[in-house]
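Source file: work_4.txt; contents: compact mmCIF, C-alpha atoms.
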```txt
# COMPACT_ATOMS: atom_id res chain seq x y z
CA MET A 1 20.19 190.35 105.68
CA LYS A 2 16.56 190.58 106.79
CA HIS A 3 17.03 187.89 109.44
CA TYR A 4 20.18 189.60 110.69
CA LEU A 5 18.27 192.88 110.99
CA ILE A 6 15.40 191.24 112.86
CA VAL A 7 17.71 189.48 115.33
CA THR A 8 19.75 192.66 115.89
CA SER A 9 16.54 194.62 116.37
CA ALA A 10 15.16 192.12 118.85
CA ILE A 11 18.38 192.36 120.91
CA LEU A 12 18.28 196.17 120.74
CA LEU A 13 14.61 196.20 121.69
CA ALA A 14 15.29 193.96 124.68
CA LEU A 15 18.13 196.26 125.79
CA VAL A 16 16.16 199.38 125.21
CA THR A 17 13.16 198.24 127.16
CA THR A 18 14.67 196.45 130.11
CA THR A 19 17.45 198.55 131.55
CA SER A 20 18.32 201.99 132.76
CA ARG A 21 16.43 205.21 132.25
CA ALA A 22 13.88 205.85 129.58
CA GLN A 23 14.07 208.50 126.89
CA GLU A 24 11.29 209.66 124.65
CA LEU A 25 12.97 212.23 122.42
CA PHE A 26 12.37 209.95 119.47
CA VAL A 27 14.20 210.47 116.20
CA TYR A 28 11.71 209.21 113.60
CA SER A 29 8.48 210.03 115.41
CA GLU A 30 7.15 212.57 117.87
CA PRO A 31 6.21 211.59 121.43
CA ALA A 32 2.95 212.73 123.06
CA SER A 33 4.89 215.28 125.13
CA ASN A 34 5.41 218.80 123.87
CA MET A 35 8.28 221.25 123.96
CA PRO A 36 8.18 223.84 126.78
CA ALA A 37 5.74 226.75 126.46
CA LYS A 38 7.08 230.03 125.08
CA SER A 39 10.17 228.28 123.72
CA LEU A 40 11.53 228.02 120.21
CA GLY A 41 13.29 225.09 118.62
CA ILE A 42 15.35 224.93 115.46
CA ARG A 43 15.65 221.54 113.81
CA LEU A 44 17.73 220.78 110.72
CA SER A 45 17.27 217.27 109.33
CA ASN A 46 19.14 215.81 106.40
CA THR A 47 18.18 212.37 105.13
CA ILE A 48 20.53 210.60 102.74
CA LEU A 49 18.30 208.41 100.59
CA ASP A 50 19.93 205.39 99.02
CA GLU A 51 18.71 205.19 95.42
CA SER A 52 20.93 202.33 94.34
CA HIS A 53 18.46 201.47 91.53
CA LEU A 54 19.56 204.79 90.03
CA ASN A 55 23.17 204.44 91.19
CA LYS A 56 22.97 207.56 93.33
CA THR A 57 22.01 209.00 96.67
CA THR A 58 19.71 211.96 97.22
CA ASP A 59 19.73 214.34 100.16
CA GLN A 60 16.41 215.45 101.54
CA PHE A 61 16.87 218.52 103.72
CA ILE A 62 14.11 219.65 106.09
CA PRO A 63 14.63 222.79 108.19
CA GLU A 64 12.01 223.25 110.90
CA LEU A 65 11.07 226.01 113.28
CA MET A 66 9.23 224.74 116.35
CA TRP A 67 7.18 226.84 118.73
CA GLY A 68 5.79 225.84 122.12
CA VAL A 69 2.64 227.97 122.10
CA ASN A 70 1.52 226.85 125.54
CA LYS A 71 1.94 223.78 127.72
CA ASN A 72 -0.36 221.72 125.49
CA LEU A 73 0.12 223.04 121.97
CA MET A 74 3.18 223.13 119.73
CA ILE A 75 3.48 224.15 116.09
CA HIS A 76 6.19 223.42 113.52
CA ALA A 77 6.84 225.19 110.23
CA GLU A 78 8.78 222.91 107.88
CA GLY A 79 10.51 223.45 104.54
CA PHE A 80 11.33 220.68 102.05
CA PHE A 81 14.41 220.66 99.85
CA ASN A 82 16.21 217.94 97.94
CA ASN A 83 19.03 217.55 95.47
CA SER A 84 17.64 214.81 93.22
CA THR A 85 18.43 217.06 90.26
CA ALA A 86 22.04 217.62 91.38
CA THR A 87 21.38 220.98 93.06
CA PHE A 88 19.26 221.64 96.12
CA GLU A 89 15.76 222.67 95.13
CA TYR A 90 12.92 223.98 97.23
CA LEU A 91 10.02 221.52 96.95
CA GLY A 92 7.46 222.72 99.43
CA ALA A 93 6.50 223.45 103.01
CA ALA A 94 4.25 222.18 105.75
CA ALA A 95 2.70 223.17 109.04
CA TYR A 96 2.54 220.60 111.83
CA ALA A 97 0.67 220.93 115.12
CA LYS A 98 0.46 218.68 118.15
CA TYR A 99 -1.99 219.10 121.00
CA ARG A 100 -1.50 217.18 124.25
CA PHE A 101 -4.95 216.49 125.63
CA TYR A 102 -4.29 213.99 128.41
CA SER A 103 -1.50 213.80 130.99
CA HIS A 104 -1.10 211.68 134.05
CA ASP A 105 2.24 212.54 135.65
CA ASP A 106 3.99 210.96 138.58
CA VAL A 107 7.63 211.10 139.71
CA HIS A 108 9.70 209.61 136.85
CA LYS A 109 6.51 208.42 135.14
CA HIS A 110 3.84 209.68 132.84
CA PHE A 111 1.15 208.60 130.45
CA ARG A 112 0.22 211.16 127.84
CA LEU A 113 -1.95 211.36 124.76
CA ALA A 114 -1.73 213.92 121.97
CA ALA A 115 -3.44 214.60 118.66
CA PHE A 116 -1.36 215.80 115.74
CA ALA A 117 -1.87 216.99 112.18
CA ARG A 118 0.25 218.11 109.23
CA VAL A 119 -0.84 220.05 106.14
CA ALA A 120 1.76 220.04 103.37
CA TYR A 121 2.34 221.55 99.98
CA ASN A 122 4.83 220.08 97.56
CA ASN A 123 5.62 220.80 93.92
CA GLY A 124 8.01 217.93 93.26
CA HIS A 125 7.36 215.06 90.83
CA VAL A 126 5.08 212.28 92.09
CA HIS A 127 7.08 209.18 91.22
CA TYR A 128 6.35 206.73 93.99
CA GLU A 129 3.54 204.78 95.61
CA GLU A 130 4.61 205.69 99.15
CA LEU A 131 2.61 208.55 100.70
CA GLN A 132 4.83 211.12 102.38
CA THR A 133 3.36 214.50 103.24
CA ASN A 134 6.54 215.03 105.24
CA GLY A 135 8.62 215.91 102.20
CA MET A 136 7.25 214.40 98.99
CA ASN A 137 3.51 214.97 98.65
CA THR A 138 0.89 217.66 98.92
CA GLY A 139 -1.77 216.53 101.38
CA TYR A 140 -2.58 216.17 105.02
CA THR A 141 -2.23 213.72 107.86
CA PHE A 142 -3.76 213.53 111.31
CA GLY A 143 -3.57 211.05 114.13
CA LEU A 144 -3.04 210.20 117.76
CA VAL A 145 0.09 209.38 119.73
CA GLY A 146 0.39 207.92 123.21
CA THR A 147 3.53 207.79 125.35
CA GLN A 148 4.06 205.73 128.47
CA LEU A 149 7.14 206.75 130.40
CA LEU A 150 8.11 204.50 133.27
CA HIS A 151 11.33 204.75 135.24
CA LYS A 152 13.08 202.28 133.01
CA GLN A 153 10.98 202.27 129.91
CA ALA A 154 9.50 204.76 127.46
CA ILE A 155 7.29 203.46 124.73
CA ALA A 156 5.22 205.44 122.29
CA ALA A 157 2.78 204.36 119.64
CA SER A 158 1.01 206.42 117.02
CA LEU A 159 -1.68 205.83 114.45
CA SER A 160 -2.50 208.32 111.72
CA TYR A 161 -4.42 208.79 108.52
CA GLU A 162 -2.69 210.34 105.52
CA GLN A 163 -4.25 211.62 102.30
CA ILE A 164 -2.40 213.14 99.38
CA THR A 165 -3.60 215.19 96.43
CA ASP A 166 -1.83 216.15 93.20
CA ASN A 167 1.40 218.03 93.79
CA GLY A 168 1.82 221.59 92.60
CA GLY A 169 3.36 222.40 89.22
CA ASP A 170 0.97 219.99 87.50
CA ASN A 171 2.67 216.99 89.10
CA ARG A 172 -0.28 214.63 89.30
CA ILE A 173 -0.76 211.36 91.16
CA HIS A 174 -0.48 208.53 88.61
CA ASP A 175 -3.81 206.98 87.62
CA GLY A 176 -4.81 204.05 89.78
CA ARG A 177 -2.41 204.90 92.58
CA ALA A 178 -3.62 204.98 96.19
CA TYR A 179 -3.95 208.42 97.73
CA GLN A 180 -5.08 207.38 101.22
CA GLY A 181 -2.98 205.56 103.79
CA ILE A 182 -2.69 204.53 107.40
CA ASN A 183 0.61 205.11 109.20
CA TYR A 184 1.67 203.55 112.48
CA THR A 185 4.75 203.81 114.64
CA VAL A 186 6.10 202.12 117.75
CA SER A 187 9.10 203.72 119.44
CA THR A 188 11.23 203.07 122.47
CA GLY A 189 14.38 204.66 123.87
CA ARG A 190 17.04 204.32 126.54
CA LEU A 191 19.67 206.53 128.15
CA ILE A 192 23.13 204.96 127.83
CA PHE A 193 25.20 207.75 129.36
CA PRO A 194 25.49 209.23 131.94
CA LYS A 195 24.72 206.45 134.38
CA LYS A 196 23.82 209.10 136.93
CA TYR A 197 22.87 212.70 136.18
CA ALA A 198 25.07 215.27 137.88
CA SER A 199 24.81 218.41 135.75
CA TYR A 200 23.04 219.90 132.74
CA ARG A 201 26.43 220.12 131.05
CA GLN A 202 26.90 216.35 130.94
CA THR A 203 26.68 214.92 127.45
CA ASN A 204 23.84 212.39 127.19
CA LEU A 205 23.85 209.43 124.84
CA ASN A 206 20.52 207.82 124.00
CA VAL A 207 19.71 204.83 121.83
CA MET A 208 16.32 204.53 120.17
CA LEU A 209 14.55 201.86 118.23
CA GLU A 210 11.46 202.52 116.13
CA LEU A 211 9.15 200.61 113.82
CA LEU A 212 7.48 202.71 111.13
CA GLY A 213 4.74 201.31 108.95
CA GLN A 214 2.38 202.38 106.19
CA GLN A 215 -0.63 200.54 104.81
CA LEU A 216 -2.53 201.59 101.68
CA PRO A 217 -5.99 199.96 101.93
CA GLN A 218 -6.95 201.06 98.39
CA ASN A 219 -4.46 198.69 96.75
CA GLY A 220 -3.11 196.52 99.57
CA LEU A 221 0.41 197.96 99.41
CA TYR A 222 2.44 198.30 102.59
CA TYR A 223 5.84 198.70 104.12
CA LEU A 224 7.30 198.22 107.59
CA ASP A 225 10.63 199.86 108.39
CA ILE A 226 12.94 199.48 111.32
CA ALA A 227 14.89 202.51 112.45
CA PRO A 228 17.61 202.29 115.11
CA SER A 229 19.21 205.59 116.07
CA LEU A 230 21.74 207.21 118.33
CA GLN A 231 21.19 210.56 119.96
CA ILE A 232 23.67 212.86 121.63
CA ILE A 233 22.39 215.67 123.85
CA LEU A 234 24.76 218.53 124.58
CA ASN A 235 24.28 220.93 127.47
CA SER A 236 20.70 219.57 127.90
CA GLN A 237 19.74 221.88 125.05
CA THR A 238 21.14 220.63 121.74
CA ARG A 239 20.29 217.30 120.14
CA ILE A 240 22.30 215.49 117.51
CA ASP A 241 20.53 212.48 115.99
CA LEU A 242 21.98 209.83 113.76
CA GLY A 243 19.52 207.27 112.44
CA TYR A 244 19.38 204.42 109.97
CA ARG A 245 16.06 203.38 108.45
CA LYS A 246 15.64 200.11 106.58
CA GLU A 247 12.64 198.34 105.12
CA LEU A 248 11.86 195.01 106.77
CA TRP A 249 8.89 194.09 104.66
CA GLY A 250 7.12 195.92 101.87
CA ASN A 251 5.64 195.70 98.42
CA MET A 252 5.34 199.30 97.32
CA GLU A 253 7.44 201.42 95.05
CA ARG A 254 9.40 203.87 97.20
CA MET A 255 12.13 206.39 96.58
CA THR A 256 14.29 204.31 98.87
CA THR A 257 14.12 201.36 101.22
CA SER A 258 17.17 202.47 103.17
CA SER A 259 18.29 205.86 104.38
CA VAL A 260 20.50 207.62 106.91
CA LEU A 261 19.29 210.60 108.92
CA ILE A 262 21.51 213.29 110.43
CA ARG A 263 19.79 215.94 112.51
CA VAL A 264 20.72 218.85 114.73
CA GLU A 265 18.15 220.43 116.99
CA HIS A 266 18.59 223.35 119.36
CA LEU A 267 16.09 224.55 121.92
CA LEU A 268 15.81 228.19 123.01
CA PHE A 269 14.00 228.25 126.36
CA ASN A 270 11.54 231.03 127.27
CA VAL A 271 12.38 233.32 124.36
CA LEU A 272 8.79 234.22 123.49
CA MET B 1 -25.57 227.56 163.07
CA LYS B 2 -22.56 225.53 161.95
CA ARG B 3 -21.72 228.20 159.41
CA ILE B 4 -21.89 230.95 162.04
CA ILE B 5 -19.51 229.00 164.26
CA ILE B 6 -17.11 228.56 161.36
CA VAL B 7 -17.25 232.29 160.58
CA ILE B 8 -16.59 233.21 164.21
CA ALA B 9 -13.78 230.69 164.40
CA LEU B 10 -12.20 232.14 161.27
CA ILE B 11 -12.49 235.71 162.50
CA MET B 12 -10.69 234.62 165.61
CA THR B 13 -8.01 232.62 163.89
CA SER B 14 -7.30 234.23 160.52
CA ALA B 15 -4.39 236.56 161.03
CA ALA B 16 -1.84 238.44 159.03
CA SER B 17 1.64 237.27 159.82
CA TYR B 18 5.04 238.84 159.38
CA ALA B 19 6.44 235.63 158.00
CA GLN B 20 8.71 235.87 154.98
CA ILE B 21 9.01 232.97 152.54
CA LYS B 22 12.72 232.35 151.99
CA SER B 23 13.03 229.16 149.99
CA ALA B 24 11.21 226.19 148.52
CA SER B 25 11.91 222.54 147.77
CA LEU B 26 10.19 221.35 144.64
CA THR B 27 9.89 217.87 143.18
CA ALA B 28 8.53 217.70 139.66
CA SER B 29 6.77 214.74 138.11
CA GLY B 30 6.49 213.30 134.63
CA LEU B 31 10.13 213.44 133.53
CA THR B 32 13.40 211.57 133.49
CA CYS B 33 15.51 213.41 130.89
CA SER B 34 18.00 216.21 131.59
CA MET B 35 16.56 218.34 128.76
CA CYS B 36 13.13 218.10 130.47
CA SER B 37 14.68 219.04 133.82
CA LYS B 38 16.45 222.00 132.23
CA SER B 39 13.19 223.32 130.79
CA ILE B 40 11.78 223.46 134.35
CA TYR B 41 14.99 225.05 135.65
CA LYS B 42 14.86 227.73 132.94
CA ALA B 43 11.21 228.51 133.72
CA LEU B 44 11.92 228.76 137.49
CA VAL B 45 14.91 231.09 137.21
CA LYS B 46 12.79 233.43 135.07
CA LEU B 47 10.31 234.05 137.92
CA PRO B 48 10.80 237.57 139.33
CA ALA B 49 10.84 236.37 142.97
CA VAL B 50 13.52 233.73 142.37
CA GLN B 51 17.10 234.46 143.35
CA SER B 52 18.65 231.07 142.62
CA VAL B 53 17.76 227.47 141.77
CA GLN B 54 19.84 224.41 142.55
CA GLU B 55 18.78 221.39 140.53
CA ASP B 56 18.99 217.69 141.32
CA ILE B 57 18.36 216.15 137.90
CA GLU B 58 18.49 212.59 139.20
CA HIS B 59 15.54 213.16 141.55
CA SER B 60 13.70 215.80 139.44
CA SER B 61 13.98 218.19 142.38
CA PHE B 62 14.90 221.84 142.72
CA GLU B 63 15.96 223.96 145.72
CA ILE B 64 14.68 227.47 145.12
CA VAL B 65 15.91 230.54 147.05
CA PHE B 66 13.73 233.66 146.84
CA LYS B 67 14.91 237.25 146.78
CA PRO B 68 14.56 238.95 150.18
CA GLY B 69 11.41 241.07 150.27
CA SER B 70 9.89 239.41 147.21
CA ILE B 71 6.30 238.20 147.10
CA VAL B 72 6.11 234.47 146.44
CA ALA B 73 2.95 232.84 145.11
CA PRO B 74 2.91 229.02 144.85
CA ASP B 75 0.74 229.30 141.72
CA ASP B 76 3.62 231.07 139.93
CA ILE B 77 5.84 228.06 140.65
CA LYS B 78 3.13 225.70 139.46
CA LYS B 79 2.69 227.70 136.26
CA ALA B 80 6.45 227.54 135.57
CA VAL B 81 6.49 223.74 135.99
CA THR B 82 3.32 223.05 133.98
CA GLY B 83 4.44 225.50 131.26
CA ALA B 84 7.62 223.45 130.91
CA GLY B 85 5.35 220.46 130.26
CA PHE B 86 5.38 218.74 133.66
CA ALA B 87 3.62 218.70 137.04
CA ILE B 88 4.40 219.28 140.70
CA ALA B 89 4.80 216.16 142.84
CA SER B 90 5.67 218.08 146.01
CA LEU B 91 6.29 221.70 147.05
CA LYS B 92 7.60 222.64 150.48
CA MET B 93 8.08 226.30 151.35
CA THR B 94 10.32 227.53 154.15
CA ALA B 95 9.34 230.81 155.81
CA ASN B 96 10.80 232.80 158.64
CA PHE B 97 7.98 233.14 161.16
CA ALA B 98 7.71 235.73 163.94
CA ASN B 99 5.44 234.31 166.63
CA THR B 100 2.74 233.25 164.18
CA ASN B 101 -0.14 231.28 165.66
CA VAL B 102 -1.35 228.33 163.62
CA GLU B 103 -3.93 225.65 164.29
CA ASN B 104 -5.95 223.15 162.35
CA ASP B 105 -8.46 224.57 159.87
CA ALA B 106 -7.31 228.15 160.38
CA HIS B 107 -6.07 230.72 157.90
CA VAL B 108 -2.79 232.62 158.11
CA ILE B 109 -1.89 235.41 155.71
CA ILE B 110 1.71 235.29 154.53
CA GLU B 111 2.98 237.90 152.09
CA GLY B 112 -0.61 238.76 151.18
CA ASN B 113 -1.56 235.16 150.32
CA THR B 114 -3.88 233.11 152.48
CA TYR B 115 -2.62 229.76 153.74
CA HIS B 116 -5.12 227.36 155.29
CA PHE B 117 -3.33 225.06 157.77
CA LEU B 118 -4.51 221.46 158.01
CA ASN B 119 -3.59 218.57 160.31
CA VAL B 120 -1.57 220.77 162.65
CA SER B 121 -1.77 221.17 166.42
CA LYS B 122 -2.28 224.62 167.90
CA GLN B 123 1.15 226.20 168.14
CA THR B 124 3.21 229.34 167.67
CA LEU B 125 5.76 229.30 164.87
CA SER B 126 9.03 231.16 165.25
CA GLY B 127 12.14 231.13 163.08
CA ASP B 128 12.53 229.08 159.90
CA LYS B 129 9.76 226.50 159.47
CA ALA B 130 8.76 224.49 156.40
CA PHE B 131 5.18 223.89 155.33
CA LYS B 132 3.92 221.73 152.51
CA LEU B 133 1.25 222.51 149.93
CA VAL B 134 -1.47 219.84 149.86
CA ASP B 135 -3.76 221.35 147.21
CA LYS B 136 -4.69 219.62 143.97
CA ASN B 137 -1.85 219.92 141.44
CA PHE B 138 0.69 220.41 144.25
CA VAL B 139 0.57 216.78 145.46
CA SER B 140 -0.83 213.56 144.04
CA GLN B 141 -4.59 213.20 144.05
CA ALA B 142 -4.34 210.42 146.65
CA GLU B 143 -2.32 212.62 149.01
CA ASN B 144 -4.69 215.56 148.48
CA ARG B 145 -7.66 213.39 149.52
CA LYS B 146 -5.94 212.49 152.82
CA TYR B 147 -6.27 216.10 154.00
CA LYS B 148 -9.96 216.47 153.21
CA LYS B 149 -10.96 215.11 156.63
CA TYR B 150 -9.27 218.03 158.40
CA THR B 151 -11.73 220.62 157.10
CA ASN B 152 -15.35 220.99 156.09
CA MET B 153 -14.74 224.16 154.14
CA LYS B 154 -15.46 224.28 150.47
CA CYS B 155 -12.22 226.14 149.75
CA PHE B 156 -10.39 222.82 150.09
CA GLU B 157 -12.11 221.67 146.89
CA THR B 158 -12.09 224.96 145.00
CA GLY B 159 -8.86 226.56 146.22
CA MET B 160 -10.84 229.80 146.46
CA SER B 161 -12.37 231.57 149.45
CA GLU B 162 -16.10 231.11 149.83
CA ASN B 163 -18.85 233.08 151.56
CA CYS B 164 -18.06 231.31 154.81
CA CYS B 165 -14.61 232.87 154.99
CA HIS B 166 -13.41 235.83 157.00
CA SER B 167 -14.36 239.24 155.60
CA ASP B 168 -10.66 239.91 154.79
CA ASN B 169 -10.99 237.09 152.30
CA LYS B 170 -13.47 238.12 149.68
CA LYS B 171 -15.15 235.31 147.82
CA GLY B 172 -12.91 234.19 145.00
CA ASN B 173 -9.55 234.93 146.66
CA ARG B 174 -6.95 232.20 146.34
CA ILE B 175 -6.54 229.97 149.39
CA TYR B 176 -3.57 227.60 149.60
CA HIS B 177 -3.92 224.54 151.80
CA VAL B 178 -0.81 223.55 153.71
CA THR B 179 0.46 221.31 156.47
CA LEU B 180 3.58 221.39 158.60
```
Turn the structure described in the file into structure tokens.
Amino acid sequence: MKHYLIVTSAILLALVTTTSRAQELFVYSEPASNMPAKSLGIRLSNTILDESHLNKTTDQFIPELMWGVNKNLMIHAEGFFNNSTATFEYLGAAAYAKYRFYSHDDVHKHFRLAAFARVAYNNGHVHYEELQTNGMNTGYTFGLVGTQLLHKQAIAASLSYEQITDNGGDNRIHDGRAYQGINYTVSTGRLIFPKKYASYRQTNLNVMLELLGQQLPQNGLYYLDIAPSLQIILNSQTRIDLGYRKELWGNMERMTTSSVLIRVEHLLFNVL
Amino acid sequence: MKRIIIVIALIMTSAASYAQIKSASLTASGLTCSMCSKSIYKALVKLPAVQSVQEDIEHSSFEIVFKPGSIVAPDDIKKAVTGAGFAIASLKMTANFANTNVENDAHVIIEGNTYHFLNVSKQTLSGDKAFKLVDKNFVSQAENRKYKKYTNMKCFETGMSENCCHSDNKKGNRIYHVTL
């Protein structure tokens, strides 16, 4: 299974990076570019977590409101919900900010760098060794992301530091567990359709491939996931993402090593 | 002495013109996606002077038509593009000129904004003529540097009028540098 995934991924990666037009609207990570200034975005993400060790699946629902404050700064407000106890429960919220501090633009090209940070509160149980301020843990994360867009290739890489504290509701980190981690991502994307842009009303189909890793230096635990995804863009304004995330290598206890993501995102231009 | 000559030259050449800017051709840089292109389009159509915008997503370019009688400032177009998250690769404006004299290193006032012509021969412009912005952030840095040799004035670097300029142009007024 692992070998099959690696071979498939290598083929996808080759396709994604060698042909056609690049796309950087990544599904599992954020590029260094920001949303337009004075615009609002609404993003609804539902991740179906495969918990086969418990013979069930859990839905993790994250609604987000995104605000392009100016050309360099964007802010997200995020809510965390899941149905691990059969009904959807509110678990917490987070604020995320990204500041683009370097841009070198040319026609159909750019290189950009941005700094980002998330501060999260969560009052769910702390069951797992994986650190996840984006939905499971109270804590913070900060890091850097760089995106290189060339005519036929977009590639982004990020590196971040994540630290968790005890969750609310007296849900403490288990003794001896790591509370600091390093996250890294590598993402690339390609436009499949249309072959030639003619109108904003054309439906776009993008394929993305991402590698998402976490390393916990305090105890040597790690994981590396692969996440292929499909993205449909309607009317150049609404995104529908469908992603599959699977662990390639790892030795930590996680809520799941495989999940499916369904997301809808709509952008409201110049509303503020 | 050199400064005095420049001042005299400017007094002689800086002139208000009755030209009206009618349209612009814009190429944006830093994007390939249609969502990115649409964010620029949406920012352009929101400008008060803009009547219509025709996009060419494939080439990241936009044909802008301005409302008759409106005042067009290139900085407003730049702000729309950078606010959308991108940059200007090229901006050409088309104006209807009425016997407007232009020459190298001379200012012409169009719709209240000062345009400093570079690398042009002495001529009179009549009818629809296009001119291209060559300031920083309106062309690539390499292209901007090519026009430096056509002037010794500091406004080429700062984009603002300096003490050497004509008295109509108080220090700190915006000066756009253009070529035909």
Exercise for review: Provide the CA of Leu216 (chain A) to CA of Asp175 (chain A) distance in Å, to one decimal place.
Suggested key: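 So the answer is 15.1 Å.
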Using all atoms listed in the file, tabulate the residues of chain A lying at most 9 Å from any atom of chain B, each with its closest atom pair and that distance in Å to one decimal, by chain and increasing residue number, as CSV.
```
residue,atom,partner,partner_atom,distance
A:Arg21,CA,B:Thr32,CA,7.2
A:Ala22,CA,B:Thr32,CA,6.9
A:Gln23,CA,B:Cys33,CA,6.5
A:Glu24,CA,B:Cys33,CA,8.4
A:Leu25,CA,B:Cys33,CA,8.9
A:Ser33,CA,B:Gly85,CA,7.3
A:Asn34,CA,B:Gly85,CA,6.6
A:Met35,CA,B:Gly85,CA,7.0
A:Pro36,CA,B:Ala84,CA,4.2
A:Ala37,CA,B:Gly83,CA,5.1
A:Lys38,CA,B:Gly83,CA,8.1
A:Asn70,CA,B:Gly83,CA,6.6
A:Lys71,CA,B:Gly83,CA,4.7
A:Asn72,CA,B:Gly85,CA,7.5
A:Ser103,CA,B:Gly30,CA,8.8
A:His104,CA,B:Gly30,CA,7.8
A:Asp105,CA,B:Gly30,CA,4.4
A:Asp106,CA,B:Ser29,CA,4.7
A:Val107,CA,B:Ser29,CA,4.1
A:His108,CA,B:Leu31,CA,5.1
A:Lys109,CA,B:Gly30,CA,4.9
A:His110,CA,B:Gly30,CA,4.8
A:Phe111,CA,B:Gly30,CA,8.3
A:Leu149,CA,B:Gly30,CA,7.8
A:Leu150,CA,B:Thr32,CA,8.8
A:His151,CA,B:Thr32,CA,7.3
A:Leu191,CA,B:Cys33,CA,8.5
A:Lys196,CA,B:Glu58,CA,6.8
A:Tyr197,CA,B:Glu58,CA,5.3
A:Ala198,CA,B:Ile57,CA,6.8
A:Ser199,CA,B:Ile57,CA,7.2
A:Tyr200,CA,B:Ser34,CA,6.4
A:Gln202,CA,B:Ser34,CA,8.9
A:Asn204,CA,B:Ser34,CA,8.2
A:Ile233,CA,B:Met35,CA,8.1
A:Asn235,CA,B:Met35,CA,8.2
A:Ser236,CA,B:Met35,CA,4.4
A:Gln237,CA,B:Met35,CA,6.0
A:Thr238,CA,B:Met35,CA,8.7
A:Phe269,CA,B:Lys42,CA,6.7
A:Asn270,CA,B:Ala43,CA,6.9
```
**Study point:** One-decimal distance in Å that lies between CA of Tyr102 (chain A) and CA of Ile62 (chain A)
**Key:**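 CA of Tyr102 (chain A) lies at a distance of 29.5 Å from CA of Ile62 (chain A).
Between CA of Ser45 (chain A) and CA of Thr138 (chain A) lies a distance of 19.4 Å.
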Point to revise | Who sits within 12 Å of region 223-226 of chain A, all atoms listed in the file, same chain under 6 positions skipped, as a PyMOL selection string | key: chain A and resi 2+5-10+12-13+28+129-131+181-188+208-216+243-254+256-260
Exercise for review: Could you check which of B:Val178, B:Val72, B:Ile77, B:Ala95 is closest to Leu118 (chain B), using only C-alpha atoms?
Suggested key: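 Of B:Val178, B:Val72, B:Ile77, B:Ala95, the one nearest Leu118 (chain B), counting only C-alpha atoms, is B:Val178.
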Review point. Near Leu113 (chain A), within 8 Å and counting all atoms listed in the file, which residues show up once chain neighbours fewer than 6 positions away are dropped, as a VMD selection string?
Key: chain A and resid 32 to 33 100 to 103 144 to 147
**Study point:** 9 Å contact set for Met66 (chain A), only C-alpha atoms, chain neighbours under 2 positions out, as a ChimeraX atom specification
**Key:** /A:35,39-43,64,68,74-78,267
Could you take the residues named above and write them with C-alpha atoms, as a CSV table (one decimal), in the frame of the given file?
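Full text of out.csv as output:
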```
chain,number,residue,atom,x,y,z
A,35,MET,CA,8.3,221.2,124.0
A,39,SER,CA,10.2,228.3,123.7
A,40,LEU,CA,11.5,228.0,120.2
A,41,GLY,CA,13.3,225.1,118.6
A,42,ILE,CA,15.4,224.9,115.5
A,43,ARG,CA,15.6,221.5,113.8
A,64,GLU,CA,12.0,223.2,110.9
A,68,GLY,CA,5.8,225.8,122.1
A,74,MET,CA,3.2,223.1,119.7
A,75,ILE,CA,3.5,224.2,116.1
A,76,HIS,CA,6.2,223.4,113.5
A,77,ALA,CA,6.8,225.2,110.2
A,78,GLU,CA,8.8,222.9,107.9
A,267,LEU,CA,16.1,224.6,121.9
```
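Between Met160 (chain B) and the candidates B:Gln141, B:Asn113, B:Gln123, B:Gln20, the tightest atom-to-atom separation, counting all atoms listed in the file, involves B:Asn113.
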Practice item. Rank B:Ile110, B:Asn104, B:Val53, B:Phe97 by their smallest atom-to-atom distance to Ser70 (chain B), using all atoms listed in the file, and report the top residue only. Key: B:Ile110
Check your understanding: Near Asp170 (chain A), within 12 Å and counting only C-alpha atoms, which residues show up once chain neighbours fewer than 5 positions away are dropped, as a ChimeraX atom specification?
Key -> /A:122-126,138,165
